[in-house]
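One structure is given below, encoded as structure tokens.
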Amino acid sequence: MPYAGEIAALVTSFCWSFNSVCFTLAGKRVGSATVNVARLFMALGMLIFIHRVAYGAAFPWHAGTQRLVALGISGLIGFALGDALLFEAFVLLGARVAMLLMTLSPVFSVLLARIFLHQSLGAAKIAAILATLAGIAWVVGEGSGDTGIERPNHWVLGVLLGVGGAMGQSVGLILSQVGMADGFSPVSANLVRVVAGTLAITAWFVARGRFVDIARRLVDRRASLFIFAGAVTGPVIGVGFSLYSITHTSMGVAATLMSLSPVILLPVSVLVFKEHVSPRAWAGTVLSIAGAAALFWV
């Protein structure tokens with residue numbers, strides 16, 4: 001299918017846009033820690049069921065040690081370490097600035113793919129990627145002067161954490177592609193990654209004595225429903241499409257298209273959260289959409 005990887009990356013962006021709204025609504029009710037843990041347990045249950053139905057086994061034990069290690073480390077970095085760095089950057093910098101730093105992820109992905117996967121991009125695609133990233137940065141940077149930082153000395157730490165989160169996402173994608181070499185199923189790869197991420201996050205909260213308290217908060221049925229919807233569209237469907245995407249198009253193109261969530265969320269911010277969006281943000285949206293469209297044609 002022509003442009004299968006690019007289309008999958010766009011589907012990923014829409015899924016991540018939806019799940020971010022779900023997780024935001026749930027987080028306001030039960031806290032981000034509960035959302036972070038519960039989303040992975042829900043996703044793990046769904047992925048085990050899907051894998052059992054599709055492949056007749058609850059886990060891809062046949063994958064081999066090397067593949068399992070690569071995908072497991074990818075899950076640790078993507079679902080545990082990378083997310084932890086990003087969430088802390090949200091606290092120190094505010095959401096907009098942290099998201100702005102996350103636009104570095106496609107840049108890191110291009111560089112890492114060039115070094116480790118020997119992928120290269122032509123000048124036209126690089127220009128389209130830069131236009132898309134500029135538009136995204138313009139959108140998420142709107143209002144970034146009000147960062148909400150109470151202690152300015154934490155600015156450097158917050159920036160380092162945000163850059164680390166972006167790098168973690170890129171490294172996770174590279175390791176995922178390595179683990180899916182020779183046509184390994186994205187569904188199986190996603191399951192391995194979620195298992196690794198779930199084990200790591202569970203161990204972390206158990207060691208801190210917070211796991212029981214987190215589990216008790218799930219008595220909030222409405223929050224649990226939001227988390228479930230976010231888990232379906234995030235770690236299950238969204239990540240599945242992202243893994244499919246990186247095996248059917250170049251890493252730079254896939255990472256760029258998957259970064260469009262802030263742009264997609266703009267009308268949601270207006271309609272659902274009643275936020276004011278300036279002409280500058282709409283201009284950034286147009287630029288990013290134009291750049292993304294160009295990736296299909298250059």
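Residue names in the structure tokens use chain letters A, B, ... in the order shown, residue numbers from 1 in each chain, and ligand numbers from 1 in the order shown.
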
May I have the residues within 10 Å of Ser17 of chain A as a list of chain:residue names, using only C-alpha atoms and disregarding those fewer than 5 positions away in the same chain?
-> A:Val11, A:Thr12, A:Cys22, A:Gly230, A:Thr233, A:Gly234, A:Gly238, A:Ser259, A:Leu260, A:Ser261, A:Pro262, A:Val263, A:Ile264, A:Leu265, A:Leu266, A:Val268

Give me the residues within 6 Å of Leu287 of chain A as a list in words, counting only C-alpha atoms and dropping any in the same chain fewer than 3 places off.
->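 The residues that qualify are Gly135, Gly284 and Ala290 of chain A.
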
When DSSP works through the backbone of this structure, what residues of segment 135-224 of chain A end up as helix (DSSP H, G or I), shown as a ChimeraX atom specification?
-> /A:135-140,152-179,186-207,211-219,221-224

Please produce a file of those selected residues containing C-alpha atoms, as a PDB file, in the first residue's frame.
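And here is the file that came out, result33.pdb:
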ATOM      1  CA  GLY A 135       4.920  24.747  12.780  1.00  0.00           C
ATOM      2  CA  ILE A 136       4.657  22.406  15.774  1.00  0.00           C
ATOM      3  CA  ALA A 137       7.136  24.504  17.758  1.00  0.00           C
ATOM      4  CA  TRP A 138       5.160  27.622  16.870  1.00  0.00           C
ATOM      5  CA  VAL A 139       1.956  26.030  18.156  1.00  0.00           C
ATOM      6  CA  VAL A 140       3.277  24.588  21.419  1.00  0.00           C
ATOM      7  CA  PRO A 152      14.097  29.843  37.954  1.00  0.00           C
ATOM      8  CA  ASN A 153      17.211  27.892  38.999  1.00  0.00           C
ATOM      9  CA  HIS A 154      15.335  24.743  37.976  1.00  0.00           C
ATOM     10  CA  TRP A 155      15.140  25.923  34.380  1.00  0.00           C
ATOM     11  CA  VAL A 156      18.376  24.185  33.327  1.00  0.00           C
ATOM     12  CA  LEU A 157      17.366  20.929  35.017  1.00  0.00           C
ATOM     13  CA  GLY A 158      13.938  21.085  33.380  1.00  0.00           C
ATOM     14  CA  VAL A 159      15.457  21.662  29.942  1.00  0.00           C
ATOM     15  CA  LEU A 160      17.864  18.749  30.426  1.00  0.00           C
ATOM     16  CA  LEU A 161      14.989  16.500  31.480  1.00  0.00           C
ATOM     17  CA  GLY A 162      12.886  17.596  28.497  1.00  0.00           C
ATOM     18  CA  VAL A 163      15.738  16.955  26.081  1.00  0.00           C
ATOM     19  CA  GLY A 164      16.309  13.611  27.803  1.00  0.00           C
ATOM     20  CA  GLY A 165      12.657  12.710  27.283  1.00  0.00           C
ATOM     21  CA  ALA A 166      12.910  13.560  23.584  1.00  0.00           C
ATOM     22  CA  MET A 167      16.099  11.536  23.261  1.00  0.00           C
ATOM     23  CA  GLY A 168      14.500   8.633  25.138  1.00  0.00           C
ATOM     24  CA  GLN A 169      11.616   8.548  22.681  1.00  0.00           C
ATOM     25  CA  SER A 170      14.034   8.474  19.748  1.00  0.00           C
ATOM     26  CA  VAL A 171      16.251   5.770  21.247  1.00  0.00           C
ATOM     27  CA  GLY A 172      13.133   3.718  21.979  1.00  0.00           C
ATOM     28  CA  LEU A 173      12.072   3.938  18.326  1.00  0.00           C
ATOM     29  CA  ILE A 174      15.529   2.930  17.092  1.00  0.00           C
ATOM     30  CA  LEU A 175      15.650  -0.089  19.414  1.00  0.00           C
ATOM     31  CA  SER A 176      12.121  -1.029  18.373  1.00  0.00           C
ATOM     32  CA  GLN A 177      13.120  -1.058  14.734  1.00  0.00           C
ATOM     33  CA  VAL A 178      16.145  -3.200  15.553  1.00  0.00           C
ATOM     34  CA  GLY A 179      13.901  -5.595  17.465  1.00  0.00           C
ATOM     35  CA  PRO A 186       4.402  -4.959  15.588  1.00  0.00           C
ATOM     36  CA  VAL A 187       1.733  -6.522  17.846  1.00  0.00           C
ATOM     37  CA  SER A 188       4.294  -8.890  19.380  1.00  0.00           C
ATOM     38  CA  ALA A 189       6.854  -6.098  19.630  1.00  0.00           C
ATOM     39  CA  ASN A 190       4.354  -3.844  21.372  1.00  0.00           C
ATOM     40  CA  LEU A 191       3.505  -6.584  23.887  1.00  0.00           C
ATOM     41  CA  VAL A 192       7.179  -7.096  24.774  1.00  0.00           C
ATOM     42  CA  ARG A 193       7.666  -3.352  25.241  1.00  0.00           C
ATOM     43  CA  VAL A 194       4.575  -2.984  27.449  1.00  0.00           C
ATOM     44  CA  VAL A 195       5.613  -5.961  29.611  1.00  0.00           C
ATOM     45  CA  ALA A 196       9.023  -4.371  30.205  1.00  0.00           C
ATOM     46  CA  GLY A 197       7.543  -0.939  30.914  1.00  0.00           C
ATOM     47  CA  THR A 198       4.889  -2.347  33.262  1.00  0.00           C
ATOM     48  CA  LEU A 199       7.432  -4.351  35.274  1.00  0.00           C
ATOM     49  CA  ALA A 200       9.721  -1.336  35.614  1.00  0.00           C
ATOM     50  CA  ILE A 201       7.013   1.110  36.702  1.00  0.00           C
ATOM     51  CA  THR A 202       5.448  -1.431  39.104  1.00  0.00           C
ATOM     52  CA  ALA A 203       8.830  -2.110  40.734  1.00  0.00           C
ATOM     53  CA  TRP A 204       9.409   1.638  41.100  1.00  0.00           C
ATOM     54  CA  PHE A 205       6.117   2.385  42.848  1.00  0.00           C
ATOM     55  CA  VAL A 206       6.276  -0.773  45.007  1.00  0.00           C
ATOM     56  CA  ALA A 207       9.775   0.229  46.171  1.00  0.00           C
ATOM     57  CA  PHE A 211       1.485   1.005  44.674  1.00  0.00           C
ATOM     58  CA  VAL A 212      -1.421   0.104  46.994  1.00  0.00           C
ATOM     59  CA  ASP A 213      -2.531   3.731  47.288  1.00  0.00           C
ATOM     60  CA  ILE A 214      -2.410   4.098  43.514  1.00  0.00           C
ATOM     61  CA  ALA A 215      -4.533   0.967  43.032  1.00  0.00           C
ATOM     62  CA  ARG A 216      -7.141   2.149  45.540  1.00  0.00           C
ATOM     63  CA  ARG A 217      -7.765   5.315  43.553  1.00  0.00           C
ATOM     64  CA  LEU A 218      -9.169   3.262  40.677  1.00  0.00           C
ATOM     65  CA  VAL A 219     -12.477   2.988  42.549  1.00  0.00           C
ATOM     66  CA  ARG A 221     -15.173   4.601  37.829  1.00  0.00           C
ATOM     67  CA  ARG A 222     -15.222   7.653  35.599  1.00  0.00           C
ATOM     68  CA  ALA A 223     -11.459   8.044  35.876  1.00  0.00           C
ATOM     69  CA  SER A 224     -11.010   4.334  35.173  1.00  0.00           C
TER      70      SER A 224
END

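Between Ala33 of chain A and the residues A:Leu117, A:Lys274, A:Ser288, A:Ala80, the shortest atom-to-atom distance, using only C-alpha atoms, involves A:Ala80.
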
To one decimal in Å, tell me the separation between atom CA of Gly27 of chain A and atom CA of Ile227 of chain A.
-> 8.7 Å

With distances taken over only C-alpha atoms, which of A:Thr285, A:Gln119, A:Thr103, A:Thr65 is nearest to Thr256 of chain A?
-> A:Thr103

Provide the atom CA of Ala4 of chain A to atom CA of Ser185 of chain A distance in Å, to one decimal place.
-> 15.5 Å

So, counting only C-alpha atoms, which residue among A:Phe87, A:Tyr244, A:Phe296, A:Phe228 is closest to Phe23 of chain A?
-> A:Phe228

Nearest to Leu86 of chain A, chosen from A:Ala231, A:Leu100, A:Ala281, A:Leu25, with only C-alpha atoms counted in the distances =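 When distances to Leu86 of chain A are compared using only C-alpha atoms, the smallest one comes from A:Leu100.
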
Which of these, A:Ala63, A:Leu71, A:Leu257, A:Val236, has the shortest distance to Ala9 of chain A once you count only C-alpha atoms?
-> A:Leu257
